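Colleague: For reference, this is model_20.txt, and it has compact mmCIF, C-alpha atoms and all ligand atoms.
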# COMPACT_ATOMS: atom_id res chain seq x y z
CA MET A 1 83.08 121.27 102.90
CA VAL A 2 83.97 119.72 106.27
CA GLN A 3 87.18 117.76 106.77
CA SER A 4 86.54 114.13 107.55
CA PRO A 5 87.61 113.25 111.11
CA ILE A 6 89.51 110.24 109.74
CA ALA A 7 91.61 112.41 107.45
CA THR A 8 92.26 114.95 110.21
CA ALA A 9 93.66 112.26 112.54
CA TRP A 10 95.69 110.52 109.86
CA GLU A 11 99.41 109.97 110.19
CA PRO A 12 101.62 107.97 107.80
CA GLY A 13 102.30 104.43 109.05
CA LEU A 14 105.97 105.07 108.39
CA GLY A 15 106.19 107.13 111.57
CA ARG A 16 107.72 110.50 112.30
CA ARG A 17 111.46 111.26 112.43
CA THR A 18 112.21 108.99 109.47
CA ALA A 19 114.69 109.70 106.69
CA GLY A 20 114.87 108.11 103.26
CA LEU A 21 116.30 108.21 99.77
CA ASN A 22 114.70 108.14 96.32
CA LEU A 23 115.18 104.89 94.43
CA CYS A 24 116.35 105.30 90.83
CA HIS A 25 117.97 103.24 88.09
CA GLU A 26 121.41 104.55 89.07
CA ASN A 27 121.36 103.64 92.78
CA ALA A 28 119.33 100.39 92.76
CA GLU A 29 122.28 98.05 92.43
CA ALA A 30 124.35 99.77 95.12
CA LEU A 31 121.36 99.79 97.48
CA LEU A 32 120.87 96.05 96.95
CA ASN A 33 124.55 95.24 97.42
CA GLU A 34 125.21 97.49 100.41
CA GLN A 35 121.76 97.63 102.04
CA PRO A 36 122.60 100.75 104.09
CA ARG A 37 120.48 101.85 107.02
CA LEU A 38 117.52 103.81 105.64
CA ASP A 39 114.08 104.28 107.17
CA PHE A 40 112.49 104.13 103.73
CA ILE A 41 113.01 104.44 100.00
CA GLN A 42 110.77 106.40 97.65
CA VAL A 43 109.43 104.52 94.62
CA HIS A 44 107.57 105.83 91.56
CA PRO A 45 104.43 103.71 91.03
CA GLU A 46 104.72 104.46 87.31
CA HIS A 47 107.72 102.12 87.27
CA LEU A 48 105.59 99.31 88.70
CA LEU A 49 102.96 99.95 86.04
CA GLN A 50 105.28 100.30 83.06
CA GLU A 51 108.44 98.32 83.69
CA LYS A 52 107.22 94.74 83.60
CA GLY A 53 110.14 92.35 83.72
CA GLY A 54 113.65 93.67 83.25
CA GLN A 55 116.46 94.26 85.70
CA TYR A 56 115.24 97.46 87.31
CA ARG A 57 111.79 96.06 88.02
CA HIS A 58 113.43 93.02 89.63
CA GLN A 59 115.66 95.24 91.77
CA LEU A 60 112.70 97.42 92.73
CA ASP A 61 110.67 94.39 93.85
CA GLN A 62 113.62 93.07 95.88
CA LEU A 63 114.25 96.44 97.52
CA ARG A 64 110.64 96.90 98.56
CA GLN A 65 110.92 93.62 100.47
CA ILE A 66 113.95 95.00 102.32
CA TYR A 67 112.95 98.62 102.93
CA ALA A 68 109.78 100.46 103.89
CA VAL A 69 108.57 102.46 100.90
CA THR A 70 106.68 105.59 99.99
CA PHE A 71 105.03 105.98 96.58
CA HIS A 72 105.60 109.23 94.71
CA GLY A 73 103.85 109.68 91.37
CA PHE A 74 104.64 112.11 88.58
CA GLY A 75 101.99 111.22 86.02
CA LEU A 76 98.65 111.69 87.76
CA SER A 77 98.23 115.21 86.35
CA VAL A 78 95.87 116.31 89.12
CA GLY A 79 95.24 119.66 87.46
CA SER A 80 94.40 118.26 84.03
CA ILE A 81 90.88 118.07 82.62
CA ALA A 82 91.61 114.61 81.16
CA PRO A 83 89.82 111.71 82.90
CA LEU A 84 91.75 110.16 85.79
CA ASN A 85 93.69 107.01 84.95
CA ARG A 86 91.62 104.45 86.87
CA GLN A 87 94.03 101.58 86.16
CA TYR A 88 96.87 103.59 87.70
CA LEU A 89 94.80 104.53 90.76
CA GLN A 90 93.85 100.88 91.29
CA LEU A 91 97.54 99.97 91.21
CA VAL A 92 98.23 102.66 93.83
CA ARG A 93 95.38 101.37 96.03
CA ASP A 94 96.81 97.83 95.81
CA LEU A 95 100.34 99.04 96.57
CA LEU A 96 99.12 100.92 99.64
CA ARG A 97 97.39 97.74 100.83
CA GLN A 98 100.64 95.80 100.36
CA HIS A 99 102.64 98.50 102.16
CA PRO A 100 100.62 99.81 105.12
CA GLU A 101 103.62 101.93 106.17
CA SER A 102 103.35 103.87 102.95
CA PHE A 103 101.53 106.84 101.49
CA PHE A 104 100.96 108.10 97.96
CA SER A 105 101.92 111.55 96.75
CA ASP A 106 101.92 113.53 93.51
CA HIS A 107 102.14 117.24 92.68
CA VAL A 108 100.00 120.39 92.59
CA SER A 109 100.37 120.65 88.83
CA TRP A 110 99.24 119.28 85.52
CA SER A 111 101.30 117.42 82.94
CA SER A 112 98.99 115.99 80.30
CA LEU A 113 96.45 117.15 77.74
CA SER A 114 94.36 114.68 75.71
CA GLN A 115 96.82 111.88 74.88
CA HIS A 116 99.91 114.06 75.26
CA HIS A 117 102.22 113.77 78.26
CA PHE A 118 104.61 116.68 78.66
CA HIS A 119 107.04 114.98 81.09
CA ASP A 120 107.06 118.17 83.06
CA LEU A 121 105.12 119.54 86.02
CA ILE A 122 103.26 122.63 84.84
CA PRO A 123 101.84 125.13 87.34
CA ILE A 124 98.13 125.75 87.71
CA VAL A 125 96.17 129.00 87.45
CA TYR A 126 95.53 129.76 91.14
CA SER A 127 91.87 130.82 91.23
CA GLU A 128 88.63 129.82 92.95
CA GLN A 129 87.53 128.09 89.75
CA THR A 130 90.62 125.85 89.49
CA LEU A 131 90.54 125.29 93.25
CA GLN A 132 87.00 123.89 92.99
CA PHE A 133 88.09 121.68 90.11
CA LEU A 134 91.13 120.37 91.96
CA CYS A 135 89.09 119.70 95.12
CA GLU A 136 86.76 117.45 93.11
CA ARG A 137 89.70 115.64 91.52
CA VAL A 138 91.47 115.14 94.85
CA GLU A 139 88.30 113.71 96.40
CA GLN A 140 87.91 111.27 93.49
CA ILE A 141 91.55 110.22 93.87
CA GLN A 142 91.25 109.74 97.64
CA ASP A 143 88.10 107.65 97.14
CA ALA A 144 89.88 105.52 94.54
CA ILE A 145 93.07 104.89 96.53
CA GLU A 146 91.13 104.61 99.82
CA ALA A 147 93.70 106.78 101.59
CA PRO A 148 94.63 110.43 101.98
CA LEU A 149 96.58 111.93 99.11
CA LEU A 150 99.71 114.00 99.68
CA LEU A 151 100.41 116.75 97.15
CA GLU A 152 103.79 118.36 96.67
CA ASN A 153 104.43 122.06 95.99
CA ILE A 154 106.31 122.31 92.68
CA SER A 155 109.10 124.58 91.53
CA SER A 156 108.06 126.95 88.76
CA TYR A 157 109.56 129.54 86.47
CA MET A 158 106.39 131.36 85.37
CA ARG A 159 103.11 132.45 86.85
CA PHE A 160 99.75 133.02 85.18
CA GLY A 161 98.39 136.56 85.01
CA ARG A 162 94.91 135.10 85.54
CA SER A 163 95.76 133.79 89.04
CA THR A 164 93.77 135.53 91.76
CA MET A 165 95.56 133.99 94.74
CA ASP A 166 99.12 132.90 95.41
CA GLU A 167 100.48 129.35 95.65
CA ILE A 168 100.44 129.16 99.45
CA ASP A 169 96.82 130.38 99.78
CA PHE A 170 95.80 127.94 97.05
CA ILE A 171 97.48 124.95 98.71
CA ASN A 172 96.16 125.93 102.16
CA ALA A 173 92.61 126.01 100.79
CA LEU A 174 93.08 122.74 98.89
CA THR A 175 94.29 120.81 101.94
CA ALA A 176 91.66 122.36 104.24
CA ARG A 177 88.74 121.61 101.91
CA THR A 178 89.66 118.07 100.88
CA GLY A 179 91.60 116.64 103.84
CA CYS A 180 94.56 115.91 101.58
CA TYR A 181 98.01 116.78 102.92
CA LEU A 182 101.05 118.73 101.82
CA LEU A 183 104.33 117.05 100.93
CA LEU A 184 106.46 120.11 101.52
CA ASP A 185 109.45 120.30 99.18
CA LEU A 186 111.68 122.89 100.81
CA ASN A 187 113.95 123.15 97.80
CA ASN A 188 110.98 123.97 95.56
CA LEU A 189 109.73 126.56 98.02
CA TYR A 190 113.21 128.11 98.11
CA ALA A 191 113.63 128.07 94.30
CA ASN A 192 110.23 129.74 93.79
CA ALA A 193 111.02 132.39 96.40
CA MET A 194 114.29 133.16 94.62
CA ASN A 195 112.67 133.15 91.17
CA PHE A 196 109.83 135.48 92.15
CA GLY A 197 111.54 137.67 94.75
CA ASP A 198 109.75 136.37 97.85
CA ASP A 199 111.13 135.72 101.35
CA PRO A 200 111.18 131.90 101.72
CA ALA A 201 110.89 132.07 105.53
CA LEU A 202 107.74 134.19 105.28
CA LEU A 203 106.23 131.77 102.74
CA LEU A 204 106.96 128.90 105.13
CA GLU A 205 105.22 130.64 108.02
CA ARG A 206 102.02 131.00 105.97
CA ILE A 207 101.59 127.25 105.40
CA ARG A 208 98.72 125.71 107.40
CA PRO A 209 100.61 123.84 110.17
CA ASP A 210 98.23 120.85 110.31
CA SER A 211 98.54 120.22 106.59
CA VAL A 212 102.17 119.01 106.42
CA ARG A 213 102.89 115.27 106.55
CA SER A 214 106.22 114.81 104.77
CA TYR A 215 109.24 116.72 103.42
CA HIS A 216 111.47 116.60 100.35
CA MET A 217 115.04 117.91 100.38
CA ALA A 218 117.09 118.38 97.20
CA GLY A 219 119.63 120.60 95.50
CA CYS A 220 118.80 123.41 93.11
CA THR A 221 121.02 125.14 90.55
CA GLU A 222 121.49 128.87 90.03
CA GLU A 223 121.69 129.57 86.30
CA GLN A 224 122.54 132.86 84.64
CA HIS A 225 120.46 133.72 81.59
CA GLU A 226 120.27 136.82 79.41
CA ARG A 227 117.24 138.11 81.28
CA GLY A 228 118.50 137.29 84.76
CA THR A 229 119.10 134.46 87.23
CA VAL A 230 116.89 131.38 87.36
CA TRP A 231 116.91 128.76 90.11
CA ILE A 232 116.16 125.31 88.69
CA ASP A 233 115.49 122.15 90.67
CA TYR A 234 117.65 119.75 88.67
CA HIS A 235 118.18 117.58 91.78
CA ARG A 236 121.80 117.13 90.74
CA GLU A 237 123.77 118.60 93.64
CA PRO A 238 123.84 118.74 97.46
CA VAL A 239 121.14 120.58 99.40
CA ARG A 240 121.93 124.30 99.71
CA PRO A 241 122.68 125.68 103.21
CA GLU A 242 119.72 128.07 102.89
CA VAL A 243 117.43 125.09 102.33
CA TRP A 244 118.85 123.25 105.37
CA SER A 245 117.96 126.35 107.42
CA LEU A 246 114.44 126.30 106.02
CA TYR A 247 114.19 122.62 106.93
CA GLN A 248 115.18 123.33 110.52
CA LYS A 249 112.52 126.03 110.68
CA ALA A 250 109.92 123.72 109.08
CA LEU A 251 110.55 121.06 111.74
CA GLU A 252 109.83 123.68 114.42
CA LEU A 253 106.66 124.86 112.69
CA PHE A 254 105.17 121.59 111.45
CA GLY A 255 106.90 118.73 113.28
CA PRO A 256 109.41 116.02 112.33
CA TRP A 257 107.65 114.17 109.49
CA SER A 258 109.34 111.65 107.19
CA THR A 259 111.94 113.38 105.04
CA LEU A 260 113.32 112.29 101.68
CA LEU A 261 116.61 113.20 100.06
CA GLU A 262 115.97 113.50 96.32
CA TRP A 263 119.01 113.17 94.07
CA GLU A 264 117.99 112.28 90.52
CA ASN A 265 120.63 113.64 88.11
CA ASN A 266 124.46 113.54 88.06
CA ILE A 267 124.12 110.92 90.76
CA PRO A 268 127.28 110.52 92.87
CA PRO A 269 128.39 107.32 94.67
CA LEU A 270 125.82 106.09 97.19
CA GLN A 271 127.94 107.16 100.18
CA GLU A 272 127.65 110.78 99.08
CA THR A 273 123.85 110.75 98.92
CA LEU A 274 123.74 108.84 102.21
CA ALA A 275 125.82 111.62 103.79
CA GLU A 276 122.96 113.99 102.94
CA VAL A 277 120.45 111.59 104.50
CA ARG A 278 122.55 111.53 107.68
CA LYS A 279 122.35 115.35 107.82
CA ILE A 280 118.55 115.05 107.73
CA GLU A 281 118.73 112.64 110.66
CA ARG A 282 121.01 114.94 112.66
CA ILE A 283 118.79 117.97 112.13
CA MET A 284 115.74 115.92 113.13
CA ALA A 285 117.63 114.95 116.29
CA GLY A 286 118.08 118.64 117.16
CA GLU A 287 121.63 119.21 115.87
CA PHE A 288 122.59 121.52 113.04
CA PRO A 289 125.79 120.22 111.35
CA ALA A 290 128.44 122.83 110.53
CA SER A 291 128.42 121.59 106.93
CA CYS A 292 124.77 122.71 106.61
CA GLN A 293 125.44 126.27 107.66
CA VAL A 294 125.50 129.20 105.26
CA GLY A 295 129.13 129.97 104.40
CA ALA A 296 130.32 126.46 105.33
FE FE B 301 110.26 116.96 95.53
Could you take the file, read its structure, and then write that structure out as structure tokens?

Modeller:
Amino acid sequence: MVQSPIATAWEPGLGRRTAGLNLCHENAEALLNEQPRLDFIQVHPEHLLQEKGGQYRHQLDQLRQIYAVTFHGFGLSVGSIAPLNRQYLQLVRDLLRQHPESFFSDHVSWSSLSQHHFHDLIPIVYSEQTLQFLCERVEQIQDAIEAPLLLENISSYMRFGRSTMDEIDFINALTARTGCYLLLDLNNLYANAMNFGDDPALLLERIRPDSVRSYHMAGCTEEQHERGTVWIDYHREPVRPEVWSLYQKALELFGPWSTLLEWENNIPPLQETLAEVRKIERIMAGEFPASCQVGA
């Protein structure tokens, strides 16, 4: 399959060197009251589909008048065999028309089976067969939303014995064949490398450089269990120094695309999350704050 020239030339309307914060129930009021400087906020389209009326929906609609937005889904279940939710994709297409600065992303995963939604992002068997299937799904989604899709690499705690390729090769092939792009979550890449004994820097170097169009930064938690250590992306703490280093390296390899600070649990006062956004901005500007360094 040949990449469409339109998809190859595509860049998000948001622009490069932009830094943003995820919108959530806990920070909406503070964002409205304080209206801090942010290049964008990230919104879940599911909340625009499900939360009709109510305070949060009102806040969300107000905030998307004030800030540029990106749309990040968690319920598309790209890797599922269930039919695509056409109503949801129509909503996304309409949102992208309303917000030309925006883009729509979801995950390289599946999360539903028949009528059941697992509220979790489950990894895919990485094989030629599932790759073919995902390519068809991604093309249907891109046709429906009339825009390129961005897919995020997930964190995972298990791998399938039936996989015949690794995650990076799978994602490289998926983006090359369909013209979709990678939303590179550096925390997820780091957590997977730790969980499976890989070198995160080497994984980063194997990503197809032209495929990256956005970044996620977040904190992950090291948990001790009976059978060893697990790194879990709870998104409830500051970004780890090792992940800031990976981000600096990613900017060199792939360029300064829009970068989101994700903080979704144990959410501190807004100023604390904004301090993390300011670190993103400083690293994009070519600095590397002392507070981001290993051992700081
Ligand atoms: Fe993420």

Colleague: A:Gly255, A:Gly179, A:Pro100, A:Gly73: which is nearest ligand FE 301 (chain B), counting only C-alpha atoms and all ligand atoms?

Modeller: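 Smallest separation from ligand FE 301 (chain B) among the options: A:Gly73.
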
Colleague: Using all atoms listed in the file, pick whichever of A:Gly79, A:Gly53, A:Pro238, A:Gly295 has the shortest atom-to-atom distance to Glu272 of chain A.

Modeller: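 With all atoms listed in the file as the atom set, the closest residue is A:Pro238.
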
Colleague: Using all atoms listed in the file, pick whichever of A:Leu113, A:Val69, A:Ile141, A:Ile168 has the shortest atom-to-atom distance to Ala82 of chain A.

Modeller: A:Leu113

Colleague: Residues within 10 Å of (120.1, 125.5, 90.3), file coordinates, counting all atoms listed in the file: what are they? Give the list as a PyMOL selection string.

Modeller: chain A and resi 187+191+219-224+229-237+240

Colleague: What's the separation between atom CA of Leu186 of chain A and atom CA of Leu32 of chain A, in Å to one decimal place?

Modeller: 28.6 Å

Colleague: Could you check which of A:Asp94, A:Glu262, A:Asp166, A:Glu242 is closest to ligand FE 301 (chain B), using all atoms listed in the file?

Modeller: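 Looking at the shortest contact to ligand FE 301 (chain B), the residue is A:Glu262.
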
Colleague: Taking all atoms listed in the file and a cut-off of 7 Å, can you tell me which residues surround ligand FE 301 (chain B), written as a list in words?

Modeller: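 So, counting all atoms listed in the file, the residues near ligand FE 301 (chain B) are Glu152, Asp185, His216, Met217 and Glu262 of chain A.
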
Colleague: Next, write the just-selected residues to a file, as a PDB file, keeping the file's coordinate frame, keeping C-alpha atoms as the atom set.

Modeller:
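Saved as result-v4.pdb:
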ATOM      1  CA  GLU A 152     103.790 118.360  96.670  1.00  0.00           C
ATOM      2  CA  ASP A 185     109.450 120.300  99.180  1.00  0.00           C
ATOM      3  CA  HIS A 216     111.470 116.600 100.350  1.00  0.00           C
ATOM      4  CA  MET A 217     115.040 117.910 100.380  1.00  0.00           C
ATOM      5  CA  GLU A 262     115.970 113.500  96.320  1.00  0.00           C
TER       6      GLU A 262
END

Colleague: What is the distance between atom CA of Asn22 of chain A and atom CA of Met158 of chain A, in Å to one decimal?

Modeller: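 Separation of atom CA of Asn22 of chain A and atom CA of Met158 of chain A: 27.0 Å.
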
Colleague: Do a neighbour search on Glu252 of chain A at 12 Å with all atoms listed in the file, toss out local chain neighbours closer than 4 positions, and write the hits as a list in words.

Modeller: Leu204, Glu205, Pro209, Ser245, Leu246, Tyr247, Gln248, Pro256, Trp257, Ile283, Met284, Ala285 and Gly286 of chain A

Colleague: Please list, as an mmCIF file with C-alpha atoms, in the frame of the given file, the residues that have an atom at most 10 Å away from (99.7, 101.3, 102.2) in the coordinates of this file, counting only C-alpha atoms.

Modeller:
data_model
loop_
_atom_site.group_PDB
_atom_site.id
_atom_site.type_symbol
_atom_site.label_atom_id
_atom_site.label_comp_id
_atom_site.auth_asym_id
_atom_site.auth_seq_id
_atom_site.Cartn_x
_atom_site.Cartn_y
_atom_site.Cartn_z
ATOM 1 C CA PRO A 12 101.620 107.970 107.800
ATOM 2 C CA GLY A 13 102.300 104.430 109.050
ATOM 3 C CA LEU A 14 105.970 105.070 108.390
ATOM 4 C CA VAL A 69 108.570 102.460 100.900
ATOM 5 C CA THR A 70 106.680 105.590 99.990
ATOM 6 C CA PHE A 71 105.030 105.980 96.580
ATOM 7 C CA VAL A 92 98.230 102.660 93.830
ATOM 8 C CA ARG A 93 95.380 101.370 96.030
ATOM 9 C CA ASP A 94 96.810 97.830 95.810
ATOM 10 C CA LEU A 95 100.340 99.040 96.570
ATOM 11 C CA LEU A 96 99.120 100.920 99.640
ATOM 12 C CA ARG A 97 97.390 97.740 100.830
ATOM 13 C CA GLN A 98 100.640 95.800 100.360
ATOM 14 C CA HIS A 99 102.640 98.500 102.160
ATOM 15 C CA PRO A 100 100.620 99.810 105.120
ATOM 16 C CA GLU A 101 103.620 101.930 106.170
ATOM 17 C CA SER A 102 103.350 103.870 102.950
ATOM 18 C CA PHE A 103 101.530 106.840 101.490
ATOM 19 C CA PHE A 104 100.960 108.100 97.960
ATOM 20 C CA ILE A 145 93.070 104.890 96.530
ATOM 21 C CA GLU A 146 91.130 104.610 99.820
ATOM 22 C CA ALA A 147 93.700 106.780 101.590
#

Colleague: For Gln55 of chain A, which residue out of A:Glu26, A:Glu11, A:Asp169, A:Asp39 is the nearest one, using all atoms listed in the file?

Modeller: A:Glu26

Colleague: Rounded to one decimal in Å, what is the spacing between atom CA of Asp106 of chain A and atom CA of Asn192 of chain A?

Modeller: 18.2 Å

Colleague: Pick out the closest residue to Glu287 of chain A from this set: A:Lys52, A:Thr175, A:Leu251, A:Phe74. Count all atoms listed in the file.

Modeller: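 Result for the nearest residue to Glu287 of chain A: A:Leu251.
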
Colleague: Could you work out an axis-aligned bounding box for all listed atoms of segment 40-46 of chain A, with 3 Å added on each of the six sides, and give its centre and edge lengths in Å to one decimal, as lines of an AutoDock Vina configuration file?

Modeller:
center_x = 108.7
center_y = 105.1
center_z = 95.5
size_x = 14.6
size_y = 8.7
size_z = 22.4

Colleague: Which residues, written as a list in words, have at least one atom at most 9 Å from Leu21 of chain A, with all atoms listed in the file counted and residues fewer than 3 positions away on the same chain left out?

Modeller: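 My reading of the contact set: Leu38, Asp39, Phe40, Ile41, Gln42, Thr259, Leu260, Leu261, Glu262, Trp263, Thr273, Leu274 and Val277 of chain A.
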
Colleague: Please save C-alpha atoms of the selected residues as an mmCIF file, in the coordinates of the input.

Modeller:
data_model
loop_
_atom_site.group_PDB
_atom_site.id
_atom_site.type_symbol
_atom_site.label_atom_id
_atom_site.label_comp_id
_atom_site.auth_asym_id
_atom_site.auth_seq_id
_atom_site.Cartn_x
_atom_site.Cartn_y
_atom_site.Cartn_z
ATOM 1 C CA LEU A 38 117.520 103.810 105.640
ATOM 2 C CA ASP A 39 114.080 104.280 107.170
ATOM 3 C CA PHE A 40 112.490 104.130 103.730
ATOM 4 C CA ILE A 41 113.010 104.440 100.000
ATOM 5 C CA GLN A 42 110.770 106.400 97.650
ATOM 6 C CA THR A 259 111.940 113.380 105.040
ATOM 7 C CA LEU A 260 113.320 112.290 101.680
ATOM 8 C CA LEU A 261 116.610 113.200 100.060
ATOM 9 C CA GLU A 262 115.970 113.500 96.320
ATOM 10 C CA TRP A 263 119.010 113.170 94.070
ATOM 11 C CA THR A 273 123.850 110.750 98.920
ATOM 12 C CA LEU A 274 123.740 108.840 102.210
ATOM 13 C CA VAL A 277 120.450 111.590 104.500
#

Colleague: Can you tell me, as an MDAnalysis selection string, what residues are no more than 9 Å from segment 119-126 of chain A when counting only C-alpha atoms, ignoring any on the same chain fewer than 5 positions away?

Modeller: chainID A and resid 74:75 77 79 107:112 131 154:167 169:170

Colleague: Using only C-alpha atoms, please write the residues we just selected to a file, as a PDB file, in the coordinates of the input.

Modeller:
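Printed below is again09.pdb as written:
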ATOM      1  CA  PHE A  74     104.640 112.110  88.580  1.00  0.00           C
ATOM      2  CA  GLY A  75     101.990 111.220  86.020  1.00  0.00           C
ATOM      3  CA  SER A  77      98.230 115.210  86.350  1.00  0.00           C
ATOM      4  CA  GLY A  79      95.240 119.660  87.460  1.00  0.00           C
ATOM      5  CA  HIS A 107     102.140 117.240  92.680  1.00  0.00           C
ATOM      6  CA  VAL A 108     100.000 120.390  92.590  1.00  0.00           C
ATOM      7  CA  SER A 109     100.370 120.650  88.830  1.00  0.00           C
ATOM      8  CA  TRP A 110      99.240 119.280  85.520  1.00  0.00           C
ATOM      9  CA  SER A 111     101.300 117.420  82.940  1.00  0.00           C
ATOM     10  CA  SER A 112      98.990 115.990  80.300  1.00  0.00           C
ATOM     11  CA  LEU A 131      90.540 125.290  93.250  1.00  0.00           C
ATOM     12  CA  ILE A 154     106.310 122.310  92.680  1.00  0.00           C
ATOM     13  CA  SER A 155     109.100 124.580  91.530  1.00  0.00           C
ATOM     14  CA  SER A 156     108.060 126.950  88.760  1.00  0.00           C
ATOM     15  CA  TYR A 157     109.560 129.540  86.470  1.00  0.00           C
ATOM     16  CA  MET A 158     106.390 131.360  85.370  1.00  0.00           C
ATOM     17  CA  ARG A 159     103.110 132.450  86.850  1.00  0.00           C
ATOM     18  CA  PHE A 160      99.750 133.020  85.180  1.00  0.00           C
ATOM     19  CA  GLY A 161      98.390 136.560  85.010  1.00  0.00           C
ATOM     20  CA  ARG A 162      94.910 135.100  85.540  1.00  0.00           C
ATOM     21  CA  SER A 163      95.760 133.790  89.040  1.00  0.00           C
ATOM     22  CA  THR A 164      93.770 135.530  91.760  1.00  0.00           C
ATOM     23  CA  MET A 165      95.560 133.990  94.740  1.00  0.00           C
ATOM     24  CA  ASP A 166      99.120 132.900  95.410  1.00  0.00           C
ATOM     25  CA  GLU A 167     100.480 129.350  95.650  1.00  0.00           C
ATOM     26  CA  ASP A 169      96.820 130.380  99.780  1.00  0.00           C
ATOM     27  CA  PHE A 170      95.800 127.940  97.050  1.00  0.00           C
TER      28      PHE A 170
END

Colleague: Any chance you could model all heavy atoms for segment 195-201 of chain A and send them as a PDB file, in the coordinates of the input?

Modeller:
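What ended up in selection.pdb:
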ATOM      1  N   ASN A 195     113.086 132.792  92.537  1.00  0.00           N
ATOM      2  CA  ASN A 195     112.670 133.150  91.170  1.00  0.00           C
ATOM      3  C   ASN A 195     111.687 134.308  91.131  1.00  0.00           C
ATOM      4  O   ASN A 195     111.641 135.063  90.163  1.00  0.00           O
ATOM      5  CB  ASN A 195     112.050 131.929  90.475  1.00  0.00           C
ATOM      6  CG  ASN A 195     113.113 130.922  90.071  1.00  0.00           C
ATOM      7  OD1 ASN A 195     114.271 131.286  89.856  1.00  0.00           O
ATOM      8  ND2 ASN A 195     112.740 129.651  89.976  1.00  0.00           N
ATOM      9  N   PHE A 196     110.880 134.452  92.188  1.00  0.00           N
ATOM     10  CA  PHE A 196     109.830 135.480  92.150  1.00  0.00           C
ATOM     11  C   PHE A 196     110.035 136.594  93.176  1.00  0.00           C
ATOM     12  O   PHE A 196     109.143 137.424  93.388  1.00  0.00           O
ATOM     13  CB  PHE A 196     108.453 134.833  92.348  1.00  0.00           C
ATOM     14  CG  PHE A 196     108.117 133.841  91.254  1.00  0.00           C
ATOM     15  CD1 PHE A 196     108.018 132.488  91.526  1.00  0.00           C
ATOM     16  CD2 PHE A 196     107.918 134.274  89.953  1.00  0.00           C
ATOM     17  CE1 PHE A 196     107.728 131.578  90.515  1.00  0.00           C
ATOM     18  CE2 PHE A 196     107.630 133.374  88.933  1.00  0.00           C
ATOM     19  CZ  PHE A 196     107.532 132.020  89.217  1.00  0.00           C
ATOM     20  N   GLY A 197     111.212 136.577  93.842  1.00  0.00           N
ATOM     21  CA  GLY A 197     111.540 137.670  94.750  1.00  0.00           C
ATOM     22  C   GLY A 197     110.767 137.665  96.052  1.00  0.00           C
ATOM     23  O   GLY A 197     110.465 138.724  96.616  1.00  0.00           O
ATOM     24  N   ASP A 198     110.436 136.477  96.564  1.00  0.00           N
ATOM     25  CA  ASP A 198     109.750 136.370  97.850  1.00  0.00           C
ATOM     26  C   ASP A 198     110.737 135.984  98.952  1.00  0.00           C
ATOM     27  O   ASP A 198     111.835 135.485  98.679  1.00  0.00           O
ATOM     28  CB  ASP A 198     108.645 135.304  97.787  1.00  0.00           C
ATOM     29  CG  ASP A 198     107.528 135.704  96.831  1.00  0.00           C
ATOM     30  OD1 ASP A 198     107.168 136.887  96.818  1.00  0.00           O
ATOM     31  OD2 ASP A 198     107.041 134.827  96.086  1.00  0.00           O
ATOM     32  N   ASP A 199     110.323 136.147 100.201  1.00  0.00           N
ATOM     33  CA  ASP A 199     111.130 135.720 101.350  1.00  0.00           C
ATOM     34  C   ASP A 199     110.700 134.287 101.691  1.00  0.00           C
ATOM     35  O   ASP A 199     109.552 134.061 102.103  1.00  0.00           O
ATOM     36  CB  ASP A 199     110.859 136.656 102.530  1.00  0.00           C
ATOM     37  CG  ASP A 199     111.671 136.261 103.761  1.00  0.00           C
ATOM     38  OD1 ASP A 199     112.054 135.074 103.880  1.00  0.00           O
ATOM     39  OD2 ASP A 199     111.897 137.133 104.604  1.00  0.00           O
ATOM     40  N   PRO A 200     111.597 133.290 101.509  1.00  0.00           N
ATOM     41  CA  PRO A 200     111.180 131.900 101.720  1.00  0.00           C
ATOM     42  C   PRO A 200     110.689 131.627 103.154  1.00  0.00           C
ATOM     43  O   PRO A 200     109.769 130.842 103.358  1.00  0.00           O
ATOM     44  CB  PRO A 200     112.423 131.078 101.396  1.00  0.00           C
ATOM     45  CG  PRO A 200     113.561 132.025 101.382  1.00  0.00           C
ATOM     46  CD  PRO A 200     113.007 133.374 101.078  1.00  0.00           C
ATOM     47  N   ALA A 201     111.294 132.298 104.130  1.00  0.00           N
ATOM     48  CA  ALA A 201     110.890 132.070 105.530  1.00  0.00           C
ATOM     49  C   ALA A 201     109.456 132.556 105.757  1.00  0.00           C
ATOM     50  O   ALA A 201     108.673 131.922 106.473  1.00  0.00           O
ATOM     51  CB  ALA A 201     111.848 132.784 106.477  1.00  0.00           C
TER      52      ALA A 201
END
